[in-house]
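> I'd like to ask you about the structure that follows.
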Protein chains: 2
Amino acid sequence: MARPLKPLLSRAMIVDAALHLIDKGRPFTIPALGQHLGVHPSSLYHHVSGRQEILELIREQLLMSGATSAPATPPSGPWQDSVRDWAQKYRSSFAEHPHLVRLLTAQTVESLPVLQSYETLAQALRTAGFTPVQVQMAITVLDNFFLGSALDLAAPEEVWQTSQFPDSALAAAVRESPTGVERADAAFEFGLKALLIGLEALRGPA
Amino acid sequence: MARPLKPLLSRAMIVDAALHLIDKGRPFTIPALGQHLGVHPSSLYHHVSGRQEILELIREQLLMSGATSAPATPPSGPWQDSVRDWAQKYRSSFAEHPHLVRLLTAQTVESLPVLQSYETLAQALRTAGFTPVQVQMAITVLDNFFLGSALDLAAPEEVWQTSQFPDSALAAAVRESPTGVERADAAFEFGLKALLIGLEALRGPA
DNA sequence: ACCTGAACACCGTTCAAGT
DNA sequence: ACCTGAACACCGTTCAAGT
């Protein structure tokens, strides 16, 4: 067969197929990806440097999916709005791909557009009066919380096995709460609200 | 060589060696583990069912060591103290084994001692006036933040590659901040403080 | 440039052979 | 029972050969 008249693959096709594979809960392997694309595993390397880059491209596509019209506007308005924008983008991207999160925690963020979204947030925080060190800590805190919350999306229906002590405060709390994605979403909103309040209280030189 | 007069291995030896390997930041593989123990990879399977069980044994050992120093005292004093206690226990368990966290997030944990520490926290929050649903959300929020922060402990020295735009607010924030574990710890403390403030503000029926 | 297929250096795990 | 070493079914990645 050798080289076809028209390329059988493209980076976009590879990224789409990979995401599809991951969303199905299947292990993300190069052979499986090749098979899904009707191509030999080694063919992928003509378009992509390797497995790691594929994951990085997925991250980029997801976090930037709504950003085609993003002309890097300097942040305006209260800093809380910038955080909420960032949170929403972050969260909605991963909510539909819960299995993806664990794969992405394996490596560092290298994508330039993603870094730029951090920069936007940093500017908003700095302008609002957070010190540089606080900017770094606040972004780290938000990032950590978002990451943990994203992993929480892939958690089982029953997060805690309270059946062993049904009269506990924990069991009561679980009983009155929603389950599944609803539970994860409610907790995320609650935590975000708490963080916005808490960070505002800590804003500025000590 | 065949069977030695005295076993060369034991479960404890395997667990110790595995943890040692992980803490060195080396990839946790069976061949590497065998080599470190001066034994062929296949020998391990006489003592352990496989890689997964080794990780489970490590978790168990870590949780045990934390539980011995933790008498089940009913919560007293402000709820913030209970949260701080919980946070400290949680964090110190993983702070010495940062590379372990990612390996253990692959599975859920339902160990009884761990659940009991959640229950203690739930009681403190309930007593303090959080509604049952808020108790569930608050614990989830803290859990997510702690997990994200634990993963952060294994982050590379340079979390964000700001070298490409050295004049950014992000670069300035990074420049004035500590690096490594110091950075992760500072952010953790900052985030915990913010959460305690924010959760206090949200406490009670809306 | 782009797909193929053989090849390489790895994995985790199994199992018959030896004592 | 417990270690060995060969073997199996996988990985991710490389590369010469083909068009």
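Order determines the names: the first chain of the structure tokens is A, the second B, and so forth; residues in each chain are numbered 1 upward, and ligands are numbered 1 upward as they are shown.
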Give me, as an mmCIF file with C-alpha atoms (C1' of nucleotides), in the first residue's frame, all polymer residues having an atom no more than 10 Å from segment 23-31 of chain A, counting only C-alpha atoms (C1' of nucleotides) and skipping those fewer than 5 positions away in the same chain.

```cif
data_model
loop_
_atom_site.group_PDB
_atom_site.id
_atom_site.type_symbol
_atom_site.label_atom_id
_atom_site.label_comp_id
_atom_site.auth_asym_id
_atom_site.auth_seq_id
_atom_site.Cartn_x
_atom_site.Cartn_y
_atom_site.Cartn_z
ATOM 1 C CA ALA A 17 -10.048 8.946 17.975
ATOM 2 C CA ALA A 18 -7.966 8.992 21.132
ATOM 3 C CA HIS A 36 -9.652 2.324 15.648
ATOM 4 C CA LEU A 37 -8.246 4.435 12.817
ATOM 5 C CA VAL A 39 -4.036 1.985 10.415
ATOM 6 C CA HIS A 40 -0.867 0.401 11.690
ATOM 7 C CA PRO A 41 0.439 1.699 15.032
ATOM 8 C CA SER A 42 3.643 2.980 13.514
ATOM 9 C CA LEU A 44 0.746 7.480 13.895
ATOM 10 C CA TYR A 45 4.325 8.570 14.352
ATOM 11 C CA GLY A 50 4.204 9.886 20.557
ATOM 12 C CA ARG A 51 1.608 8.978 23.108
ATOM 13 C CA ILE A 54 -1.414 12.984 21.849
ATOM 14 C CA LEU A 55 -2.488 13.513 25.437
ATOM 15 C CA GLU A 96 -17.734 15.134 29.745
ATOM 16 C CA HIS A 97 -14.488 13.197 29.829
ATOM 17 C CA PRO A 98 -14.068 11.899 33.367
ATOM 18 C CA HIS A 99 -11.701 9.121 32.367
ATOM 19 C CA LEU A 100 -9.361 11.615 30.801
ATOM 20 C CA LEU A 103 -4.307 10.336 32.213
ATOM 21 C "C1'" DC D 11 3.520 -2.174 25.387
ATOM 22 C "C1'" DG D 12 5.724 2.428 22.903
#
```
> Got a sec to pull out which chain A residues are within 12 Å of chain C, counting only C-alpha atoms (C1' of nucleotides), and send them as a ChimeraX atom specification?
/A:1-10,34,38-47
> Kindly save the residues from that selection, with N, CA, C and O atoms included, as an mmCIF file, in the first residue's frame.

```
data_model
loop_
_atom_site.group_PDB
_atom_site.id
_atom_site.type_symbol
_atom_site.label_atom_id
_atom_site.label_comp_id
_atom_site.auth_asym_id
_atom_site.auth_seq_id
_atom_site.Cartn_x
_atom_site.Cartn_y
_atom_site.Cartn_z
ATOM 1 N N MET A 1 0.840 -1.206 0.000
ATOM 2 C CA MET A 1 0.000 0.000 0.000
ATOM 3 C C MET A 1 0.878 1.261 0.000
ATOM 4 O O MET A 1 0.694 2.155 -0.793
ATOM 5 N N ALA A 2 1.842 1.272 0.882
ATOM 6 C CA ALA A 2 2.768 2.394 0.985
ATOM 7 C C ALA A 2 2.040 3.735 1.120
ATOM 8 O O ALA A 2 0.962 3.798 1.685
ATOM 9 N N ARG A 3 2.603 4.746 0.548
ATOM 10 C CA ARG A 3 2.028 6.080 0.717
ATOM 11 C C ARG A 3 0.749 6.247 -0.103
ATOM 12 O O ARG A 3 0.739 6.014 -1.311
ATOM 13 N N PRO A 4 -0.317 6.672 0.523
ATOM 14 C CA PRO A 4 -1.577 6.883 -0.195
ATOM 15 C C PRO A 4 -1.572 8.231 -0.900
ATOM 16 O O PRO A 4 -0.768 9.112 -0.570
ATOM 17 N N LEU A 5 -2.463 8.399 -1.866
ATOM 18 C CA LEU A 5 -2.538 9.670 -2.601
ATOM 19 C C LEU A 5 -2.893 10.805 -1.655
ATOM 20 O O LEU A 5 -2.344 11.901 -1.752
ATOM 21 N N LYS A 6 -3.817 10.488 -0.788
ATOM 22 C CA LYS A 6 -4.170 11.490 0.224
ATOM 23 C C LYS A 6 -3.898 10.907 1.600
ATOM 24 O O LYS A 6 -4.182 9.728 1.838
ATOM 25 N N PRO A 7 -3.340 11.684 2.489
ATOM 26 C CA PRO A 7 -3.061 11.182 3.841
ATOM 27 C C PRO A 7 -4.292 10.537 4.476
ATOM 28 O O PRO A 7 -5.403 11.078 4.377
ATOM 29 N N LEU A 8 -4.082 9.405 5.097
ATOM 30 C CA LEU A 8 -5.184 8.734 5.780
ATOM 31 C C LEU A 8 -5.430 9.328 7.157
ATOM 32 O O LEU A 8 -6.497 9.165 7.722
ATOM 33 N N LEU A 9 -4.417 9.981 7.664
ATOM 34 C CA LEU A 9 -4.489 10.482 9.031
ATOM 35 C C LEU A 9 -4.257 11.983 9.092
ATOM 36 O O LEU A 9 -3.773 12.587 8.133
ATOM 37 N N SER A 10 -4.605 12.538 10.238
ATOM 38 C CA SER A 10 -4.241 13.918 10.554
ATOM 39 C C SER A 10 -4.182 14.017 12.072
ATOM 40 O O SER A 10 -4.703 13.154 12.773
ATOM 41 N N GLY A 34 -4.486 2.826 16.737
ATOM 42 C CA GLY A 34 -4.262 2.500 15.331
ATOM 43 C C GLY A 34 -5.401 1.671 14.753
ATOM 44 O O GLY A 34 -5.894 1.952 13.658
ATOM 45 N N GLY A 38 -7.985 2.316 11.675
ATOM 46 C CA GLY A 38 -7.765 1.455 10.521
ATOM 47 C C GLY A 38 -6.371 1.572 9.936
ATOM 48 O O GLY A 38 -6.171 1.566 8.724
ATOM 49 N N VAL A 39 -5.387 1.659 10.827
ATOM 50 C CA VAL A 39 -4.036 1.985 10.415
ATOM 51 C C VAL A 39 -3.042 1.260 11.320
ATOM 52 O O VAL A 39 -3.373 0.883 12.433
ATOM 53 N N HIS A 40 -1.854 1.048 10.843
ATOM 54 C CA HIS A 40 -0.867 0.401 11.690
ATOM 55 C C HIS A 40 -0.342 1.370 12.745
ATOM 56 O O HIS A 40 -0.217 2.566 12.482
ATOM 57 N N PRO A 41 -0.022 0.848 13.926
ATOM 58 C CA PRO A 41 0.439 1.699 15.032
ATOM 59 C C PRO A 41 1.560 2.649 14.615
ATOM 60 O O PRO A 41 1.553 3.824 14.988
ATOM 61 N N SER A 42 2.481 2.149 13.847
ATOM 62 C CA SER A 42 3.643 2.980 13.514
ATOM 63 C C SER A 42 3.278 4.166 12.630
ATOM 64 O O SER A 42 4.010 5.151 12.556
ATOM 65 N N SER A 43 2.157 4.082 11.960
ATOM 66 C CA SER A 43 1.741 5.185 11.084
ATOM 67 C C SER A 43 1.501 6.474 11.863
ATOM 68 O O SER A 43 1.708 7.579 11.345
ATOM 69 N N LEU A 44 1.076 6.312 13.091
ATOM 70 C CA LEU A 44 0.746 7.480 13.895
ATOM 71 C C LEU A 44 1.949 8.407 14.077
ATOM 72 O O LEU A 44 1.800 9.621 14.193
ATOM 73 N N TYR A 45 3.119 7.802 14.056
ATOM 74 C CA TYR A 45 4.325 8.570 14.352
ATOM 75 C C TYR A 45 4.727 9.509 13.218
ATOM 76 O O TYR A 45 5.664 10.290 13.366
ATOM 77 N N HIS A 46 4.024 9.437 12.109
ATOM 78 C CA HIS A 46 4.260 10.413 11.041
ATOM 79 C C HIS A 46 3.529 11.720 11.313
ATOM 80 O O HIS A 46 3.773 12.727 10.660
ATOM 81 N N HIS A 47 2.637 11.693 12.279
ATOM 82 C CA HIS A 47 1.812 12.878 12.542
ATOM 83 C C HIS A 47 2.007 13.414 13.950
ATOM 84 O O HIS A 47 1.673 14.562 14.233
#
```
> Please, which residues of chain B lie no more than 7 Å from chain A when the count uses only C-alpha atoms, and can they be set out as a PyMOL selection string?
chain B and resi 110+119+122-123+132-133+135-137+140-141+144-145+147-149+160-161+168-170+172-174+176-177+187-188+190-191+194-195+197-199
> Give the helix (DSSP H, G or I) residues of segment 1-186 of chain A, as DSSP finds them on the backbone, and put them as a VMD selection string.
chain A and resid 11 to 23 30 to 36 41 to 46 51 to 63 79 to 95 98 to 104 112 to 128 132 to 153 162 to 164 169 to 175 180 to 186
